[in-house]
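input-v3.pdb follows; it contains PDB, C-alpha atoms, pLDDT in the B column.
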```pdb
ATOM      1  CA  MET Y   1    -108.491  44.549-223.545  1.00 47.00           C
ATOM      2  CA  LYS Y   2    -110.416  47.768-224.115  1.00 50.00           C
ATOM      3  CA  CYS Y   3    -114.035  48.051-222.947  1.00 48.00           C
ATOM      4  CA  SER Y   4    -116.579  50.380-224.495  1.00 50.00           C
ATOM      5  CA  ILE Y   5    -119.006  52.391-222.367  1.00 49.00           C
ATOM      6  CA  GLY Y   6    -121.913  50.472-223.956  1.00 48.00           C
ATOM      7  CA  THR Y   7    -120.474  47.105-222.926  1.00 47.00           C
ATOM      8  CA  PHE Y   8    -119.813  48.368-219.405  1.00 45.00           C
ATOM      9  CA  LEU Y   9    -123.371  49.734-219.068  1.00 45.00           C
ATOM     10  CA  SER Y  10    -124.887  46.535-220.480  1.00 48.00           C
ATOM     11  CA  ILE Y  11    -123.032  44.368-217.964  1.00 49.00           C
ATOM     12  CA  SER Y  12    -123.989  46.759-215.143  1.00 49.00           C
ATOM     13  CA  LEU Y  13    -127.663  46.600-216.124  1.00 47.00           C
ATOM     14  CA  VAL Y  14    -127.706  42.788-216.298  1.00 46.00           C
ATOM     15  CA  CYS Y  15    -125.934  42.447-212.938  1.00 47.00           C
ATOM     16  CA  SER Y  16    -128.160  44.947-211.179  1.00 47.00           C
ATOM     17  CA  SER Y  17    -131.283  43.233-212.511  1.00 46.00           C
ATOM     18  CA  LEU Y  18    -130.034  39.897-211.175  1.00 42.00           C
ATOM     19  CA  THR Y  19    -129.487  41.292-207.688  1.00 42.00           C
ATOM     20  CA  GLY Y  20    -132.851  43.078-207.649  1.00 45.00           C
ATOM     21  CA  CYS Y  21    -134.954  39.921-207.368  1.00 44.00           C
ATOM     22  CA  VAL Y  22    -135.546  39.850-203.623  1.00 43.00           C
ATOM     23  CA  SER Y  23    -138.825  38.794-202.010  1.00 51.00           C
ATOM     24  CA  GLY Y  24    -140.381  40.895-199.260  1.00 61.00           C
ATOM     25  CA  LEU Y  25    -140.561  40.208-195.547  1.00 63.00           C
ATOM     26  CA  GLU Y  26    -143.909  41.924-194.945  1.00 64.00           C
ATOM     27  CA  GLY Y  27    -146.673  40.229-193.008  1.00 66.00           C
ATOM     28  CA  SER Y  28    -148.808  40.122-196.168  1.00 66.00           C
ATOM     29  CA  SER Y  29    -146.064  38.762-198.454  1.00 68.00           C
ATOM     30  CA  TYR Y  30    -145.642  35.023-198.976  1.00 70.00           C
ATOM     31  CA  SER Y  31    -142.881  33.185-200.826  1.00 71.00           C
ATOM     32  CA  ARG Y  32    -143.924  30.559-203.344  1.00 75.00           C
ATOM     33  CA  SER Y  33    -142.709  27.798-200.997  1.00 71.00           C
ATOM     34  CA  GLU Y  34    -144.988  29.091-198.189  1.00 71.00           C
ATOM     35  CA  ALA Y  35    -148.138  28.815-200.272  1.00 76.00           C
ATOM     36  CA  ARG Y  36    -150.423  25.913-199.381  1.00 70.00           C
ATOM     37  CA  GLN Y  37    -148.415  25.120-196.234  1.00 78.00           C
ATOM     38  CA  ILE Y  38    -150.133  24.456-192.908  1.00 81.00           C
ATOM     39  CA  GLN Y  39    -149.527  27.188-190.344  1.00 86.00           C
ATOM     40  CA  GLN Y  40    -150.412  27.305-186.674  1.00 90.00           C
ATOM     41  CA  VAL Y  41    -152.638  30.290-185.814  1.00 93.00           C
ATOM     42  CA  GLU Y  42    -152.693  32.045-182.441  1.00 94.00           C
ATOM     43  CA  PHE Y  43    -154.268  35.310-181.348  1.00 97.00           C
ATOM     44  CA  GLY Y  44    -153.089  38.135-179.123  1.00 97.00           C
ATOM     45  CA  ALA Y  45    -152.785  41.897-178.678  1.00 97.00           C
ATOM     46  CA  VAL Y  46    -149.948  44.263-179.590  1.00 97.00           C
ATOM     47  CA  LEU Y  47    -148.073  45.479-176.505  1.00 97.00           C
ATOM     48  CA  SER Y  48    -145.654  47.720-178.424  1.00 96.00           C
ATOM     49  CA  THR Y  49    -144.171  48.503-181.810  1.00 94.00           C
ATOM     50  CA  LYS Y  50    -140.651  49.683-182.531  1.00 93.00           C
ATOM     51  CA  PRO Y  51    -139.194  50.723-185.898  1.00 91.00           C
ATOM     52  CA  VAL Y  52    -136.069  48.764-186.870  1.00 91.00           C
ATOM     53  CA  ILE Y  53    -133.854  48.319-189.912  1.00 87.00           C
ATOM     54  CA  ILE Y  54    -133.659  44.876-191.527  1.00 85.00           C
ATOM     55  CA  GLU Y  55    -130.194  44.598-192.994  1.00 76.00           C
ATOM     56  CA  GLY Y  56    -129.843  43.895-196.690  1.00 74.00           C
ATOM     57  CA  GLN Y  57    -128.534  40.858-198.481  1.00 75.00           C
ATOM     58  CA  ARG Y  58    -125.042  40.193-199.770  1.00 71.00           C
ATOM     59  CA  THR Y  59    -125.228  37.563-202.464  1.00 74.00           C
ATOM     60  CA  ASP Y  60    -122.704  35.865-204.700  1.00 72.00           C
ATOM     61  CA  TRP Y  61    -124.423  37.528-207.682  1.00 71.00           C
ATOM     62  CA  GLY Y  62    -123.637  40.959-206.266  1.00 70.00           C
ATOM     63  CA  GLU Y  63    -119.984  40.135-205.728  1.00 72.00           C
ATOM     64  CA  LEU Y  64    -119.694  38.414-209.112  1.00 75.00           C
ATOM     65  CA  SER Y  65    -121.124  41.452-210.884  1.00 79.00           C
ATOM     66  CA  GLY Y  66    -118.575  43.626-209.063  1.00 79.00           C
ATOM     67  CA  VAL Y  67    -115.714  41.308-210.035  1.00 80.00           C
ATOM     68  CA  ILE Y  68    -116.758  41.432-213.687  1.00 84.00           C
ATOM     69  CA  ILE Y  69    -117.311  45.176-213.845  1.00 83.00           C
ATOM     70  CA  GLY Y  70    -114.224  46.002-211.775  1.00 81.00           C
ATOM     71  CA  GLY Y  71    -112.070  43.603-213.772  1.00 81.00           C
ATOM     72  CA  ILE Y  72    -113.221  45.054-217.082  1.00 83.00           C
ATOM     73  CA  ALA Y  73    -112.677  48.591-215.849  1.00 80.00           C
ATOM     74  CA  GLY Y  74    -109.218  47.698-214.493  1.00 79.00           C
ATOM     75  CA  SER Y  75    -108.198  45.936-217.693  1.00 80.00           C
ATOM     76  CA  SER Y  76    -108.537  49.173-219.638  1.00 79.00           C
ATOM     77  CA  VAL Y  77    -105.744  50.756-217.545  1.00 77.00           C
ATOM     78  CA  GLY Y  78    -102.102  50.502-218.644  1.00 73.00           C
ATOM     79  CA  GLU Y  79    -100.316  47.662-220.402  1.00 80.00           C
ATOM     80  CA  GLY Y  80     -98.446  44.479-219.484  1.00 82.00           C
ATOM     81  CA  LYS Y  81     -97.932  43.815-215.761  1.00 83.00           C
ATOM     82  CA  GLY Y  82     -99.515  47.158-214.844  1.00 82.00           C
ATOM     83  CA  GLN Y  83    -102.666  46.138-216.688  1.00 81.00           C
ATOM     84  CA  GLN Y  84    -102.721  42.755-214.907  1.00 80.00           C
ATOM     85  CA  ILE Y  85    -102.364  44.462-211.530  1.00 83.00           C
ATOM     86  CA  ALA Y  86    -105.066  47.016-212.393  1.00 82.00           C
ATOM     87  CA  THR Y  87    -107.391  44.210-213.558  1.00 83.00           C
ATOM     88  CA  THR Y  88    -106.857  42.274-210.311  1.00 83.00           C
ATOM     89  CA  LEU Y  89    -107.301  45.346-208.112  1.00 83.00           C
ATOM     90  CA  GLY Y  90    -110.354  46.393-210.144  1.00 82.00           C
ATOM     91  CA  ALA Y  91    -111.931  42.957-209.677  1.00 83.00           C
ATOM     92  CA  ILE Y  92    -111.288  42.939-205.914  1.00 84.00           C
ATOM     93  CA  GLY Y  93    -112.428  46.527-205.469  1.00 84.00           C
ATOM     94  CA  GLY Y  94    -115.488  45.875-207.626  1.00 83.00           C
ATOM     95  CA  ALA Y  95    -116.487  42.849-205.535  1.00 81.00           C
ATOM     96  CA  VAL Y  96    -116.222  44.807-202.293  1.00 82.00           C
ATOM     97  CA  ALA Y  97    -118.030  47.862-203.675  1.00 81.00           C
ATOM     98  CA  ALA Y  98    -120.821  45.797-205.258  1.00 79.00           C
ATOM     99  CA  SER Y  99    -121.336  43.864-202.020  1.00 76.00           C
ATOM    100  CA  VAL Y 100    -121.729  47.093-200.023  1.00 76.00           C
ATOM    101  CA  VAL Y 101    -124.030  48.643-202.638  1.00 79.00           C
ATOM    102  CA  GLU Y 102    -126.197  45.504-202.749  1.00 77.00           C
ATOM    103  CA  GLU Y 103    -126.523  45.391-198.951  1.00 74.00           C
ATOM    104  CA  LYS Y 104    -127.590  49.037-198.797  1.00 72.00           C
ATOM    105  CA  ALA Y 105    -129.973  48.673-201.765  1.00 74.00           C
ATOM    106  CA  THR Y 106    -131.763  45.689-200.209  1.00 73.00           C
ATOM    107  CA  ARG Y 107    -131.949  47.129-196.665  1.00 76.00           C
ATOM    108  CA  VAL Y 108    -135.581  47.712-195.608  1.00 83.00           C
ATOM    109  CA  GLN Y 109    -137.577  49.404-192.873  1.00 85.00           C
ATOM    110  CA  GLY Y 110    -138.853  46.860-190.365  1.00 89.00           C
ATOM    111  CA  LEU Y 111    -141.147  46.802-187.359  1.00 91.00           C
ATOM    112  CA  GLU Y 112    -140.558  44.914-184.126  1.00 93.00           C
ATOM    113  CA  LEU Y 113    -143.934  43.858-182.731  1.00 94.00           C
ATOM    114  CA  THR Y 114    -144.210  42.727-179.111  1.00 96.00           C
ATOM    115  CA  VAL Y 115    -147.397  40.707-178.765  1.00 97.00           C
ATOM    116  CA  LYS Y 116    -149.069  39.254-175.677  1.00 97.00           C
ATOM    117  CA  MET Y 117    -150.686  36.032-176.792  1.00 96.00           C
ATOM    118  CA  ASP Y 118    -154.070  34.985-175.437  1.00 96.00           C
ATOM    119  CA  SER Y 119    -152.180  32.091-173.799  1.00 95.00           C
ATOM    120  CA  GLY Y 120    -150.197  34.651-171.752  1.00 96.00           C
ATOM    121  CA  LYS Y 121    -146.939  34.098-173.618  1.00 95.00           C
ATOM    122  CA  ILE Y 122    -145.176  37.242-174.912  1.00 96.00           C
ATOM    123  CA  LEU Y 123    -143.562  37.139-178.369  1.00 94.00           C
ATOM    124  CA  SER Y 124    -141.401  39.595-180.286  1.00 93.00           C
ATOM    125  CA  ILE Y 125    -141.579  39.328-184.068  1.00 92.00           C
ATOM    126  CA  VAL Y 126    -139.726  41.495-186.591  1.00 93.00           C
ATOM    127  CA  GLN Y 127    -141.160  41.890-190.058  1.00 90.00           C
ATOM    128  CA  GLU Y 128    -140.873  44.370-192.899  1.00 87.00           C
ATOM    129  CA  VAL Y 129    -143.091  47.444-192.668  1.00 86.00           C
ATOM    130  CA  ASP Y 130    -146.224  46.671-194.617  1.00 79.00           C
ATOM    131  CA  GLU Y 131    -148.385  49.414-196.129  1.00 78.00           C
ATOM    132  CA  ILE Y 132    -151.400  47.101-196.016  1.00 77.00           C
ATOM    133  CA  ASN Y 133    -151.127  46.154-192.338  1.00 78.00           C
ATOM    134  CA  GLN Y 134    -150.557  48.949-189.821  1.00 85.00           C
ATOM    135  CA  PHE Y 135    -150.235  48.100-186.127  1.00 93.00           C
ATOM    136  CA  GLN Y 136    -151.044  50.027-182.936  1.00 92.00           C
ATOM    137  CA  LYS Y 137    -150.691  49.294-179.230  1.00 95.00           C
ATOM    138  CA  GLY Y 138    -153.680  47.261-177.984  1.00 96.00           C
ATOM    139  CA  GLN Y 139    -154.682  46.083-181.483  1.00 96.00           C
ATOM    140  CA  ARG Y 140    -155.882  42.486-181.772  1.00 97.00           C
ATOM    141  CA  VAL Y 141    -153.699  40.413-184.094  1.00 96.00           C
ATOM    142  CA  ARG Y 142    -153.228  36.895-185.297  1.00 94.00           C
ATOM    143  CA  ILE Y 143    -149.838  35.246-185.457  1.00 94.00           C
ATOM    144  CA  LEU Y 144    -149.233  32.654-188.157  1.00 92.00           C
ATOM    145  CA  MET Y 145    -146.415  30.273-187.266  1.00 91.00           C
ATOM    146  CA  GLN Y 146    -144.668  27.707-189.418  1.00 88.00           C
ATOM    147  CA  GLY Y 147    -141.647  26.117-187.792  1.00 86.00           C
ATOM    148  CA  SER Y 148    -139.441  28.929-186.546  1.00 83.00           C
ATOM    149  CA  LEU Y 149    -141.036  31.495-188.878  1.00 87.00           C
ATOM    150  CA  ALA Y 150    -143.904  33.748-187.827  1.00 90.00           C
ATOM    151  CA  ARG Y 151    -145.841  36.676-189.242  1.00 89.00           C
ATOM    152  CA  VAL Y 152    -148.286  39.094-187.650  1.00 93.00           C
ATOM    153  CA  SER Y 153    -151.458  40.320-189.319  1.00 90.00           C
ATOM    154  CA  PRO Y 154    -154.578  42.141-188.058  1.00 92.00           C
ATOM    155  CA  GLU Y 155    -157.275  39.876-186.635  1.00 88.00           C
TER     156      GLU Y 155
END
```

Could I get this file's structure written as structure tokens?
Amino acid sequence: MKCSIGTFLSISLVCSSLTGCVSGLEGSSYSRSEARQIQQVEFGAVLSTKPVIIEGQRTDWGELSGVIIGGIAGSSVGEGKGQQIATTLGAIGGAVAASVVEEKATRVQGLELTVKMDSGKILSIVQEVDEINQFQKGQRVRILMQGSLARVSPE
């Protein structure tokens, strides 16, 4: 099976758009399921901040897009058994490559905030760097908690 450049680019575009739909982890970003949910609010002061990297996602969509693209690319090589082998290797290689690319593309800059709560308890919370909310040592903050999830925002 021969594959035109246009077909290959169309499949690549569709697959990359599917993997690009990732919600943020900033303190000011809420998922649809978090809206209108009750959250516990506590107050404290920032003890320290530390830049961190939040690793990216590896989804089935990313691997599937790699399998499709790699398989199509491999199928255009050779004939007979050689073509079958190239298609299989292309699909496997495409899945691995797409998974790595997706993880790197969705990796974000994070911030580890160590906060001393007014209750005396010390918490460490990692969230995505947020251009809206900047944090400094000694700054008063509020911590919104819902189950095991928490977010920090200025008071």

Problem set entry | For region 90-92 of chain Y: contacts at 8 Å, all atoms listed in the file, fewer than 4 positions along chain excluded, given as JSON, numbers by chain | {"Y": [66, 67, 68, 69, 70, 71, 72, 73, 74, 75, 86, 96]}

Residues as selected, C-alpha atoms, written as a PDB file, in the coordinates of the input, can you do that?
```pdb
ATOM      1  CA  GLY Y  66    -118.575  43.626-209.063  1.00 79.00           C
ATOM      2  CA  VAL Y  67    -115.714  41.308-210.035  1.00 80.00           C
ATOM      3  CA  ILE Y  68    -116.758  41.432-213.687  1.00 84.00           C
ATOM      4  CA  ILE Y  69    -117.311  45.176-213.845  1.00 83.00           C
ATOM      5  CA  GLY Y  70    -114.224  46.002-211.775  1.00 81.00           C
ATOM      6  CA  GLY Y  71    -112.070  43.603-213.772  1.00 81.00           C
ATOM      7  CA  ILE Y  72    -113.221  45.054-217.082  1.00 83.00           C
ATOM      8  CA  ALA Y  73    -112.677  48.591-215.849  1.00 80.00           C
ATOM      9  CA  GLY Y  74    -109.218  47.698-214.493  1.00 79.00           C
ATOM     10  CA  SER Y  75    -108.198  45.936-217.693  1.00 80.00           C
ATOM     11  CA  ALA Y  86    -105.066  47.016-212.393  1.00 82.00           C
ATOM     12  CA  VAL Y  96    -116.222  44.807-202.293  1.00 82.00           C
TER      13      VAL Y  96
END
```

Any chance you could work out the axis-aligned box around region 50-53 of chain Y, listed atoms only, 5 Å on each side, giving centre and edge lengths in Å to one decimal, as lines of an AutoDock Vina configuration file?
```
center_x = -137.3
center_y = 49.5
center_z = -186.2
size_x = 16.8
size_y = 12.4
size_z = 17.4
```

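Considering the residues Y:Gln146, Y:Thr114, Y:Ser153, Y:Thr88 and counting all atoms listed in the file, Val126 (chain Y) has its shortest atom-to-atom contact with Y:Thr114.
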
For this session: Could you expand the PyMOL selection byres ((chain Y and resi 34) around 12) into the explicit residues it covers here, written as a PyMOL selection string?
Result: chain Y and resi 28-33+35-39+144-147+149-151

For this session: Have a look at Y:Val41, Y:Leu89, Y:Leu47, Y:Val77 and name the one nearest to Lys116 (chain Y); count only C-alpha atoms.
Result: Y:Leu47

Where does the PyMOL selection byres ((chain Y and resi 112) around 6) land in this file, that is, which residues does it pick, as a compact mmCIF listing (two decimals) with C-alpha atoms, in the coordinates of the input?
```
# COMPACT_ATOMS: atom_id res chain seq x y z
CA THR Y 49 -144.17 48.50 -181.81
CA LYS Y 50 -140.65 49.68 -182.53
CA LEU Y 111 -141.15 46.80 -187.36
CA LEU Y 113 -143.93 43.86 -182.73
CA ILE Y 125 -141.58 39.33 -184.07
CA VAL Y 126 -139.73 41.50 -186.59
```

Problem set entry | Between CA of Val129 (chain Y) and CA of Glu42 (chain Y), distance in Å (one decimal) |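 Those two atoms sit 20.8 Å apart.
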
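With only C-alpha atoms as the atoms that count, the residue of Y:Ser119, Y:Gln109, Y:Asn133, Y:Ser124 with the shortest distance to Gly44 (chain Y) is Y:Ser119.
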
For this session: Go through Y:Ala105, Y:Gln40, Y:Gly78, Y:Leu64 one by one, measure the shortest atom-to-atom distance of each to Gly93 (chain Y) using only C-alpha atoms, and give the residue with the smallest value.
Result: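 Comparing Y:Ala105, Y:Gln40, Y:Gly78, Y:Leu64 against Gly93 (chain Y), the winner is Y:Leu64.
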
For this session: Please evaluate the PyMOL selection byres ((chain Y and resi 102) around 9) against the displayed coordinates and give the resulting residues as a PyMOL selection string.
Result: chain Y and resi 16+19-20+56-59+62-63+97-101+103-107

For this session: To one decimal in Å, tell me the separation between CA of Gln139 (chain Y) and CA of Glu155 (chain Y).
Result: 8.5 Å

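When all atoms listed in the file are used to measure the gap to Gly138 (chain Y), the shortest distance among Y:Glu55, Y:Val108, Y:Gly94, Y:Met117 belongs to Y:Met117.
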
For this session: Figure out the distance between CA of Val52 (chain Y) and CA of Gly120 (chain Y), please, to one decimal in Å.
Result: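 Atom-to-atom, CA of Gly120 (chain Y) to CA of Val52 (chain Y), that is 25.0 Å.
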
For this session: Compare Y:Ile85, Y:Ile143, Y:Ile54, Y:Val152 by their minimum atom-to-atom distance to Glu128 (chain Y), counting only C-alpha atoms, and give me the closest one.
Result: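 When distances to Glu128 (chain Y) are compared using only C-alpha atoms, the smallest one comes from Y:Ile54.
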